[in-house]
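The data block below is work-v2.cif; it holds mmCIF, C-alpha atoms.
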data_data
loop_
_atom_site.group_PDB
_atom_site.id
_atom_site.type_symbol
_atom_site.label_atom_id
_atom_site.label_comp_id
_atom_site.auth_asym_id
_atom_site.auth_seq_id
_atom_site.Cartn_x
_atom_site.Cartn_y
_atom_site.Cartn_z
ATOM 1 C CA MET L 936 7.944 39.318 -45.161
ATOM 2 C CA VAL L 937 10.005 36.370 -46.367
ATOM 3 C CA THR L 938 11.845 36.359 -43.018
ATOM 4 C CA LEU L 939 8.560 36.247 -41.085
ATOM 5 C CA GLY L 940 7.248 33.538 -43.371
ATOM 6 C CA GLU L 941 10.348 31.410 -42.804
ATOM 7 C CA PHE L 942 10.046 31.893 -39.041
ATOM 8 C CA ILE L 943 6.388 30.820 -39.015
ATOM 9 C CA GLY L 944 7.058 27.895 -41.318
ATOM 10 C CA VAL L 945 9.838 26.464 -39.144
ATOM 11 C CA LEU L 946 7.779 27.135 -35.996
ATOM 12 C CA ILE L 947 4.764 25.253 -37.371
ATOM 13 C CA SER L 948 6.867 22.327 -38.601
ATOM 14 C CA GLY L 949 8.649 22.157 -35.242
ATOM 15 C CA LEU L 950 5.411 22.086 -33.245
ATOM 16 C CA ALA L 951 3.436 19.759 -35.531
ATOM 17 C CA LEU L 952 4.959 16.479 -34.282
ATOM 18 C CA PRO L 953 4.836 17.400 -30.552
ATOM 19 C CA LEU L 954 1.187 18.461 -30.890
ATOM 20 C CA LEU L 955 0.378 15.197 -32.667
ATOM 21 C CA TRP L 956 2.049 13.243 -29.837
ATOM 22 C CA LEU L 957 0.135 15.180 -27.148
ATOM 23 C CA THR L 958 -3.140 14.546 -28.975
ATOM 24 C CA VAL L 959 -2.471 10.803 -29.230
ATOM 25 C CA SER L 960 -1.285 10.517 -25.602
ATOM 26 C CA TYR L 961 -4.402 12.305 -24.356
ATOM 27 C CA ALA L 962 -6.558 9.692 -26.081
ATOM 28 C CA ILE L 963 -4.830 6.848 -24.183
ATOM 29 C CA PRO L 964 -5.876 6.853 -20.460
ATOM 30 C CA PRO L 965 -2.603 5.468 -18.982
ATOM 31 C CA LEU L 966 -0.578 8.064 -20.916
ATOM 32 C CA ARG L 967 -3.062 10.853 -20.216
ATOM 33 C CA ARG L 968 -2.379 10.579 -16.488
ATOM 34 C CA ASN L 969 1.398 10.972 -16.937
ATOM 35 C CA VAL L 970 1.588 14.659 -17.812
ATOM 36 C CA LYS L 971 5.315 15.050 -17.141
ATOM 37 C CA LEU L 972 6.279 12.140 -19.396
ATOM 38 C CA ASN L 973 4.034 13.345 -22.224
ATOM 39 C CA TYR L 974 5.487 16.852 -22.218
ATOM 40 C CA ASN L 975 9.045 15.586 -21.846
ATOM 41 C CA ILE L 976 8.605 13.533 -25.020
ATOM 42 C CA ALA L 977 6.885 16.439 -26.780
ATOM 43 C CA THR L 978 9.753 18.779 -25.836
ATOM 44 C CA VAL L 979 12.313 16.350 -27.274
ATOM 45 C CA LEU L 980 10.299 16.103 -30.495
ATOM 46 C CA SER L 981 10.149 19.922 -30.720
ATOM 47 C CA CYS L 982 13.958 19.995 -30.967
ATOM 48 C CA MET L 983 13.764 18.527 -34.482
ATOM 49 C CA PRO L 984 14.372 21.891 -36.240
ATOM 50 C CA LEU L 985 17.500 22.418 -34.109
ATOM 51 C CA ALA L 986 18.722 18.963 -35.097
ATOM 52 C CA LEU L 987 18.115 19.774 -38.777
ATOM 53 C CA ILE L 988 20.161 22.959 -38.441
ATOM 54 C CA VAL L 989 23.005 21.054 -36.773
ATOM 55 C CA ILE L 990 23.188 18.397 -39.496
ATOM 56 C CA GLY L 991 22.871 21.018 -42.223
ATOM 57 C CA SER L 992 19.452 20.088 -43.576
ATOM 58 C CA LEU L 993 18.085 23.488 -42.537
ATOM 59 C CA LYS L 994 19.945 26.713 -43.190
ATOM 60 C CA PRO L 995 21.369 28.325 -40.013
ATOM 61 C CA GLU L 996 19.727 31.658 -40.755
ATOM 62 C CA ALA L 997 18.393 33.904 -37.994
ATOM 63 C CA PRO L 998 14.639 33.228 -38.574
ATOM 64 C CA ASN L 999 15.245 29.469 -38.656
ATOM 65 C CA VAL L 1000 17.411 29.490 -35.513
ATOM 66 C CA LEU L 1001 14.935 31.678 -33.591
ATOM 67 C CA ALA L 1002 12.000 29.482 -34.591
ATOM 68 C CA ALA L 1003 13.968 26.330 -33.727
ATOM 69 C CA LEU L 1004 14.769 27.734 -30.255
ATOM 70 C CA ALA L 1005 11.197 28.950 -29.750
ATOM 71 C CA CYS L 1006 9.708 25.439 -30.211
ATOM 72 C CA PRO L 1007 11.180 23.771 -27.070
ATOM 73 C CA CYS L 1008 10.713 26.999 -25.094
ATOM 74 C CA LEU L 1009 6.988 27.032 -25.883
ATOM 75 C CA LEU L 1010 6.686 23.341 -24.954
ATOM 76 C CA LEU L 1011 8.520 23.856 -21.649
ATOM 77 C CA LEU L 1012 6.221 26.782 -20.800
ATOM 78 C CA GLN L 1013 3.125 24.729 -21.610
ATOM 79 C CA ARG L 1014 4.553 21.789 -19.636
ATOM 80 C CA LYS L 1015 4.821 23.982 -16.541
ATOM 81 C CA ARG L 1016 1.209 25.146 -16.948
ATOM 82 C CA ALA L 1017 -0.080 21.599 -17.508
ATOM 83 C CA ILE L 1018 1.680 20.227 -14.418
ATOM 84 C CA ALA L 1019 0.384 23.127 -12.290
ATOM 85 C CA ALA L 1020 -3.157 22.501 -13.555
ATOM 86 C CA THR L 1021 -2.849 18.777 -12.760
ATOM 87 C CA VAL L 1022 -1.668 19.480 -9.196
ATOM 88 C CA GLU L 1023 -4.489 21.972 -8.650
ATOM 89 C CA SER L 1024 -7.145 19.565 -9.917
ATOM 90 C CA THR L 1025 -5.757 16.804 -7.686
ATOM 91 C CA GLU L 1026 -5.837 19.054 -4.629
ATOM 92 C CA ASN L 1027 -9.449 20.005 -5.357
ATOM 93 C CA ILE L 1028 -10.636 16.388 -5.321
ATOM 94 C CA GLU L 1029 -12.628 15.923 -2.132
ATOM 95 C CA GLN L 1030 -11.885 12.876 -0.016
ATOM 96 C CA PRO L 1031 -14.790 10.444 0.325
ATOM 97 C CA GLU L 1032 -16.535 10.623 3.685
ATOM 98 C CA LEU L 1033 -17.161 7.579 5.852
ATOM 99 C CA SER L 1034 -19.096 7.251 9.078
ATOM 100 C CA ILE L 1035 -17.275 5.628 11.959
ATOM 101 C CA GLU L 1036 -19.566 2.592 11.604
ATOM 102 C CA THR L 1037 -18.676 2.170 7.928
ATOM 103 C CA LEU L 1038 -14.981 2.590 8.703
ATOM 104 C CA ALA L 1039 -15.198 -0.037 11.447
ATOM 105 C CA MET L 1040 -16.822 -2.561 9.117
ATOM 106 C CA THR L 1041 -14.507 -1.924 6.152
ATOM 107 C CA PRO L 1042 -11.776 -4.390 7.258
ATOM 108 C CA ILE L 1043 -14.422 -6.888 8.384
ATOM 109 C CA CYS L 1044 -15.985 -6.820 4.896
ATOM 110 C CA PHE L 1045 -12.555 -7.213 3.331
ATOM 111 C CA MET L 1046 -11.921 -10.235 5.536
ATOM 112 C CA THR L 1047 -15.257 -11.979 4.883
ATOM 113 C CA GLU L 1048 -14.896 -11.411 1.125
ATOM 114 C CA ASP L 1049 -11.244 -12.576 1.233
ATOM 115 C CA LEU L 1050 -9.967 -9.320 -0.268
ATOM 116 C CA PRO L 1051 -6.513 -7.774 0.254
ATOM 117 C CA PRO L 1052 -4.862 -7.577 2.691
ATOM 118 C CA PHE L 1053 -6.579 -10.699 4.075
ATOM 119 C CA SER L 1054 -6.105 -12.701 0.888
ATOM 120 C CA ASP L 1055 -2.370 -11.956 1.110
ATOM 121 C CA TRP L 1056 -1.653 -13.669 4.415
ATOM 122 C CA LYS L 1057 1.055 -16.156 3.456
ATOM 123 C CA SER L 1058 4.697 -15.104 3.389
ATOM 124 C CA PRO L 1059 5.939 -15.793 -0.164
ATOM 125 C CA GLU L 1060 9.273 -17.048 1.158
ATOM 126 C CA THR L 1061 7.759 -19.486 3.652
ATOM 127 C CA ASP L 1062 6.691 -23.072 3.094
ATOM 128 C CA VAL L 1063 3.347 -23.525 4.847
ATOM 129 C CA LYS L 1064 2.072 -27.072 4.992
ATOM 130 C CA GLN L 1065 -1.421 -27.499 3.591
ATOM 131 C CA TYR L 1066 -2.791 -28.849 6.874
ATOM 132 C CA HIS L 1067 -1.664 -25.620 8.599
ATOM 133 C CA GLU L 1068 -3.123 -23.173 6.075
ATOM 134 C CA GLU L 1069 -6.595 -22.740 7.551
ATOM 135 C CA SER L 1070 -5.448 -22.138 11.119
ATOM 136 C CA PHE L 1071 -2.515 -19.946 9.979
ATOM 137 C CA LYS L 1072 -4.812 -17.798 7.861
ATOM 138 C CA THR L 1073 -7.173 -17.307 10.805
ATOM 139 C CA CYS L 1074 -4.292 -16.238 13.053
ATOM 140 C CA VAL L 1075 -2.874 -13.833 10.488
ATOM 141 C CA SER L 1076 -6.324 -12.347 9.744
ATOM 142 C CA ILE L 1077 -6.894 -11.518 13.404
ATOM 143 C CA TYR L 1078 -3.413 -9.995 13.585
ATOM 144 C CA GLN L 1079 -4.223 -7.882 10.508
ATOM 145 C CA LEU L 1080 -7.371 -6.631 12.218
ATOM 146 C CA TYR L 1081 -5.219 -5.766 15.228
ATOM 147 C CA ALA L 1082 -2.973 -3.743 12.868
ATOM 148 C CA PHE L 1083 -6.085 -1.778 11.870
ATOM 149 C CA TYR L 1084 -6.837 -1.169 15.550
ATOM 150 C CA ILE L 1085 -3.289 0.144 16.130
ATOM 151 C CA LEU L 1086 -3.553 2.513 13.140
ATOM 152 C CA THR L 1087 -6.881 3.945 14.331
ATOM 153 C CA ALA L 1088 -5.480 4.388 17.846
ATOM 154 C CA GLY L 1089 -2.460 6.220 16.453
ATOM 155 C CA ARG L 1090 -4.658 8.444 14.298
ATOM 156 C CA TRP L 1091 -7.547 9.295 16.644
ATOM 157 C CA GLY L 1092 -6.540 8.002 20.076
ATOM 158 C CA ASN L 1093 -7.469 4.970 22.151
ATOM 159 C CA GLU L 1094 -11.046 6.078 22.834
ATOM 160 C CA ILE L 1095 -12.001 6.164 19.133
ATOM 161 C CA ALA L 1096 -10.046 2.960 18.435
ATOM 162 C CA GLU L 1097 -11.940 1.167 21.230
ATOM 163 C CA LYS L 1098 -15.235 2.495 19.845
ATOM 164 C CA ILE L 1099 -14.369 1.125 16.395
ATOM 165 C CA LEU L 1100 -13.402 -2.202 17.964
ATOM 166 C CA SER L 1101 -16.674 -2.407 19.901
ATOM 167 C CA ILE L 1102 -18.650 -1.756 16.691
ATOM 168 C CA GLN L 1103 -16.779 -4.589 14.989
ATOM 169 C CA LYS L 1104 -17.487 -6.968 17.882
ATOM 170 C CA GLU L 1105 -21.178 -6.000 18.024
ATOM 171 C CA ARG L 1106 -21.772 -6.429 14.275
ATOM 172 C CA LEU L 1107 -19.857 -9.706 14.171
ATOM 173 C CA HIS L 1108 -21.835 -11.108 17.121
ATOM 174 C CA LYS L 1109 -25.074 -10.419 15.227
ATOM 175 C CA ALA L 1110 -23.889 -11.864 11.905
ATOM 176 C CA MET L 1111 -21.321 -14.545 12.811
ATOM 177 C CA PRO L 1112 -21.271 -15.383 16.550
ATOM 178 C CA ASP L 1113 -18.543 -18.035 16.245
ATOM 179 C CA VAL L 1114 -16.249 -15.713 14.290
ATOM 180 C CA ALA L 1115 -16.993 -12.883 16.722
ATOM 181 C CA LYS L 1116 -15.940 -14.981 19.727
ATOM 182 C CA GLN L 1117 -12.737 -16.059 17.969
ATOM 183 C CA PHE L 1118 -12.026 -12.445 16.968
ATOM 184 C CA GLU L 1119 -12.594 -11.122 20.488
ATOM 185 C CA ILE L 1120 -10.362 -13.735 22.132
ATOM 186 C CA GLY L 1121 -7.704 -13.305 19.450
ATOM 187 C CA ILE L 1122 -7.533 -9.511 19.763
ATOM 188 C CA GLU L 1123 -7.153 -9.738 23.547
ATOM 189 C CA GLN L 1124 -4.512 -12.444 23.201
ATOM 190 C CA ILE L 1125 -2.534 -10.372 20.676
ATOM 191 C CA HIS L 1126 -2.784 -7.202 22.752
ATOM 192 C CA ASP L 1127 -1.568 -8.998 25.890
ATOM 193 C CA SER L 1128 1.251 -10.749 24.037
ATOM 194 C CA VAL L 1129 2.477 -7.618 22.250
ATOM 195 C CA SER L 1130 2.330 -5.494 25.420
ATOM 196 C CA ARG L 1131 4.130 -8.132 27.468
ATOM 197 C CA ASN L 1132 6.873 -8.807 24.920
ATOM 198 C CA MET L 1133 7.469 -5.130 24.203
ATOM 199 C CA ASN L 1134 8.407 -4.706 27.848
ATOM 200 C CA GLU L 1135 10.219 -8.048 28.138
ATOM 201 C CA PRO L 1136 11.252 -9.198 24.641
ATOM 202 C CA MET L 1137 12.017 -12.860 24.079
ATOM 203 C CA VAL L 1138 15.715 -13.571 23.605
ATOM 204 C CA MET L 1139 17.364 -16.594 21.990
ATOM 205 C CA GLU L 1140 20.973 -17.723 21.995
ATOM 206 C CA VAL L 1141 22.307 -17.867 18.414
ATOM 207 C CA ASP L 1142 25.980 -18.811 17.888
ATOM 208 C CA GLY L 1143 26.752 -17.814 21.453
ATOM 209 C CA GLU L 1144 25.117 -14.398 21.136
ATOM 210 C CA SER L 1145 21.803 -13.192 22.506
ATOM 211 C CA THR L 1146 19.335 -12.263 19.754
ATOM 212 C CA THR L 1147 16.053 -10.459 20.398
ATOM 213 C CA LEU L 1148 13.206 -12.241 18.638
ATOM 214 C CA PRO L 1149 10.449 -10.372 16.789
ATOM 215 C CA LEU L 1150 7.187 -9.751 18.641
ATOM 216 C CA GLU L 1151 5.502 -12.153 16.249
ATOM 217 C CA TYR L 1152 7.480 -15.189 17.445
ATOM 218 C CA PRO L 1153 6.045 -15.479 20.991
ATOM 219 C CA LEU L 1154 2.672 -14.588 19.488
ATOM 220 C CA ALA L 1155 3.042 -17.476 17.026
ATOM 221 C CA LEU L 1156 3.834 -19.830 19.923
ATOM 222 C CA GLU L 1157 0.689 -18.735 21.742
ATOM 223 C CA PHE L 1158 -1.456 -19.157 18.647
ATOM 224 C CA LEU L 1159 -0.035 -22.619 17.929
ATOM 225 C CA THR L 1160 -0.413 -23.787 21.514
ATOM 226 C CA MET L 1161 -3.747 -22.210 22.458
ATOM 227 C CA HIS L 1162 -5.665 -22.195 19.163
ATOM 228 C CA PRO L 1163 -8.196 -25.071 19.445
ATOM 229 C CA ASP L 1164 -7.809 -26.014 15.756
ATOM 230 C CA SER L 1165 -4.011 -26.145 15.954
ATOM 231 C CA LEU L 1166 -2.224 -29.480 15.698
ATOM 232 C CA PHE L 1167 -0.056 -28.327 18.622
ATOM 233 C CA HIS L 1168 -2.914 -27.340 20.915
ATOM 234 C CA ARG L 1169 -2.063 -27.839 24.585
ATOM 235 C CA THR L 1170 -3.820 -26.891 27.790
ATOM 236 C CA GLU L 1171 -1.836 -25.211 30.541
ATOM 237 C CA LYS L 1172 -1.943 -28.471 32.499
ATOM 238 C CA GLN L 1173 -0.563 -30.431 29.531
ATOM 239 C CA ILE L 1174 2.248 -27.902 29.120
ATOM 240 C CA GLU L 1175 3.144 -28.239 32.808
ATOM 241 C CA GLU L 1176 3.174 -32.035 32.576
ATOM 242 C CA GLU L 1177 4.558 -32.622 29.049
ATOM 243 C CA GLY L 1178 6.306 -29.359 28.235
ATOM 244 C CA MET L 1179 6.028 -27.448 24.965
ATOM 245 C CA PRO L 1180 5.358 -29.497 21.808
ATOM 246 C CA ASP L 1181 7.759 -29.991 18.909
ATOM 247 C CA TYR L 1182 6.504 -27.419 16.423
ATOM 248 C CA LYS L 1183 8.484 -28.895 13.481
ATOM 249 C CA ASP L 1184 9.319 -25.391 12.145
ATOM 250 C CA ALA L 1185 5.643 -24.381 12.202
ATOM 251 C CA ASP L 1186 6.534 -21.757 14.823
ATOM 252 C CA TRP L 1187 8.829 -19.891 12.422
ATOM 253 C CA ALA L 1188 6.516 -20.441 9.456
ATOM 254 C CA LEU L 1189 3.664 -18.755 11.336
ATOM 255 C CA THR L 1190 6.006 -16.016 12.592
ATOM 256 C CA PHE L 1191 6.992 -15.061 9.045
ATOM 257 C CA CYS L 1192 3.359 -15.163 7.921
ATOM 258 C CA LEU L 1193 2.367 -12.875 10.811
ATOM 259 C CA ILE L 1194 5.113 -10.401 9.906
ATOM 260 C CA HIS L 1195 4.164 -10.465 6.222
ATOM 261 C CA GLY L 1196 0.457 -10.136 6.986
ATOM 262 C CA LYS L 1197 1.060 -7.185 9.285
ATOM 263 C CA GLU L 1198 3.150 -5.360 6.668
ATOM 264 C CA VAL L 1199 0.591 -5.706 3.869
ATOM 265 C CA ALA L 1200 -2.240 -4.793 6.272
ATOM 266 C CA LEU L 1201 -0.484 -1.623 7.432
ATOM 267 C CA GLU L 1202 0.155 -0.567 3.831
ATOM 268 C CA CYS L 1203 -3.450 -1.217 2.802
ATOM 269 C CA PHE L 1204 -5.130 0.365 5.830
ATOM 270 C CA GLU L 1205 -2.796 3.382 5.915
ATOM 271 C CA HIS L 1206 -3.788 4.130 2.313
ATOM 272 C CA ILE L 1207 -7.481 3.921 3.228
ATOM 273 C CA LEU L 1208 -7.156 6.151 6.296
ATOM 274 C CA GLU L 1209 -5.031 8.759 4.509
ATOM 275 C CA ASN L 1210 -7.448 9.047 1.587
ATOM 276 C CA THR L 1211 -10.710 9.001 3.513
ATOM 277 C CA LYS L 1212 -12.433 11.625 5.634
ATOM 278 C CA VAL L 1213 -14.023 9.983 8.634
ATOM 279 C CA VAL L 1214 -17.025 11.565 10.338
ATOM 280 C CA LEU L 1215 -16.476 10.795 14.013
#

Re-express the file's structure as structure tokens.
Amino acid sequence: MVTLGEFIGVLISGLALPLLWLTVSYAIPPLRRNVKLNYNIATVLSCMPLALIVIGSLKPEAPNVLAALACPCLLLLQRKRAIAATVESTENIEQPELSIETLAMTPICFMTEDLPPFSDWKSPETDVKQYHEESFKTCVSIYQLYAFYILTAGRWGNEIAEKILSIQKERLHKAMPDVAKQFEIGIEQIHDSVSRNMNEPMVMEVDGESTTLPLEYPLALEFLTMHPDSLFHRTEKQIEEEGMPDYKDADWALTFCLIHGKEVALECFEHILENTKVVL
């Protein structure tokens, strides 16, 4: 009876601190979501009786040793069950459903409300002059919408992607005709530029070696030259007569912004598409 009492006493004392920690962590939302961390800490705390035996504060008698070994074993078993339950509950969460019309307008709403990824258009490592910001942001925003088009085409095929694009154009024409016209021209310009430069990439001589430029560089040149609000706007006739303008590093500044904008847009839109069920 004394042996059983010693066993229970050590077991209770060994589990008291871990159980207290689990109770406190459950009450704090950020900790509650990290099941593995909580049980790892609880398991370490349950090793206290073993530590007391090692340092001699608790007699190394059979009941004490068994109880001390039982504490971390019980925590590890419960940890396995808790993690399994968390995975099962996560898998049972149904993805929100969106109609194709709602999906089409999602990036448009993000853009008009200046939400990510559209608010994150500027490359953090690039110096963009203040007088370029408005036109650069417009160019990058259209390119980000094109990234959404590419993702939908890759996920559901060109037919669905074109349907989504037509919904965007139709709704924009009703709400913001000027923006809709700019969007339509910009998407076509990007598509033509990307298709053309994928087949025949632009090459530049750097230190005597040929270097293939990113797709965004020729696109930046087109935006800077053809965008009516650009300081470097030229007509085809002016280009023939005067040649290309001196971009004063604005060409590379816009290129880096386009690359950055595309990357954040792909990350944002991929997350939306992967976690949403679309009713086509």

*How many Å separate CA of Val1075 (chain L) from CA of Thr1147 (chain L)?*
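Going from CA of Val1075 (chain L) over to CA of Thr1147 (chain L), I get 21.6 Å.
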
*Pick out the closest residue to Ala1005 (chain L) from this set: L:Leu985, L:Ala1019, L:Met1111, L:Cys1074. Count all atoms listed in the file.*
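Of all the options, L:Leu985 lies closest to Ala1005 (chain L).
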
How close does region 1037-1095 of chain L get to region 1120-1133 of chain L? List, as a Markdown table, each residue of region 1037-1095 of chain L within 8 Å, its nearest atom pair and the distance in Å to one decimal, counting all atoms listed in the file.
| residue | atom | partner | partner_atom | distance |
| --- | --- | --- | --- | --- |
| L:Cys1074 | CA | L:Gly1121 | CA | 7.8 |
| L:Ile1077 | CA | L:Gly1121 | CA | 6.4 |
| L:Tyr1078 | CA | L:Ile1125 | CA | 7.2 |
| L:Tyr1081 | CA | L:Ile1122 | CA | 6.3 |

*Explicit residues for the PyMOL selection byres ((chain L and resi 1007) around 8) (as a PyMOL selection string)*: chain L and resi 978-979+981-982+1003-1006+1008-1011

Residue subset to file, keeping C-alpha atoms, as a PDB file, in the frame of the given file:
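As written to disk, part-v9.pdb reads:
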ATOM      1  CA  THR L 978       9.753  18.779 -25.836  1.00  0.00           C
ATOM      2  CA  VAL L 979      12.313  16.350 -27.274  1.00  0.00           C
ATOM      3  CA  SER L 981      10.149  19.922 -30.720  1.00  0.00           C
ATOM      4  CA  CYS L 982      13.958  19.995 -30.967  1.00  0.00           C
ATOM      5  CA  ALA L1003      13.968  26.330 -33.727  1.00  0.00           C
ATOM      6  CA  LEU L1004      14.769  27.734 -30.255  1.00  0.00           C
ATOM      7  CA  ALA L1005      11.197  28.950 -29.750  1.00  0.00           C
ATOM      8  CA  CYS L1006       9.708  25.439 -30.211  1.00  0.00           C
ATOM      9  CA  CYS L1008      10.713  26.999 -25.094  1.00  0.00           C
ATOM     10  CA  LEU L1009       6.988  27.032 -25.883  1.00  0.00           C
ATOM     11  CA  LEU L1010       6.686  23.341 -24.954  1.00  0.00           C
ATOM     12  CA  LEU L1011       8.520  23.856 -21.649  1.00  0.00           C
TER      13      LEU L1011
END

*asked:* Just want the 10 Å neighbourhood of Ala997 (chain L), counted on all atoms listed in the file, with same-chain residues fewer than 5 positions away dropped. Output as a PyMOL selection string.
replied: chain L and resi 938+941-942+1002-1003

*asked:* For this structure, which residues satisfy the selection - the PyMOL selection byres ((chain L and resi 1183) around 12) - when it is evaluated on the file as given? I want them as a VMD selection string.
replied: chain L and resid 1063 to 1064 1067 1159 1166 to 1167 1179 to 1182 1184 to 1189

Any chance you can output those residues with C-alpha atoms as a tab-separated table (two decimals), in the coordinates of the input?
chain	number	residue	atom	x	y	z
L	1063	VAL	CA	3.35	-23.52	4.85
L	1064	LYS	CA	2.07	-27.07	4.99
L	1067	HIS	CA	-1.66	-25.62	8.60
L	1159	LEU	CA	-0.04	-22.62	17.93
L	1166	LEU	CA	-2.22	-29.48	15.70
L	1167	PHE	CA	-0.06	-28.33	18.62
L	1179	MET	CA	6.03	-27.45	24.96
L	1180	PRO	CA	5.36	-29.50	21.81
L	1181	ASP	CA	7.76	-29.99	18.91
L	1182	TYR	CA	6.50	-27.42	16.42
L	1184	ASP	CA	9.32	-25.39	12.14
L	1185	ALA	CA	5.64	-24.38	12.20
L	1186	ASP	CA	6.53	-21.76	14.82
L	1187	TRP	CA	8.83	-19.89	12.42
L	1188	ALA	CA	6.52	-20.44	9.46
L	1189	LEU	CA	3.66	-18.76	11.34

*Closest to Ala1082 (chain L) among L:Arg968, L:Arg1016, L:Lys1116, L:His1195, using all atoms listed in the file?*
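Among L:Arg968, L:Arg1016, L:Lys1116, L:His1195, it is L:His1195 that comes nearest to Ala1082 (chain L).
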
*CA of Leu952 (chain L) to CA of Gly940 (chain L), distance in Å rounded to a single decimal*: 19.5 Å

*May I ask which of the residues L:Glu1144, L:Glu1036, L:Glu1060, L:Glu1157 is the closest one to Leu1100 (chain L), counting only C-alpha atoms?*
L:Glu1036
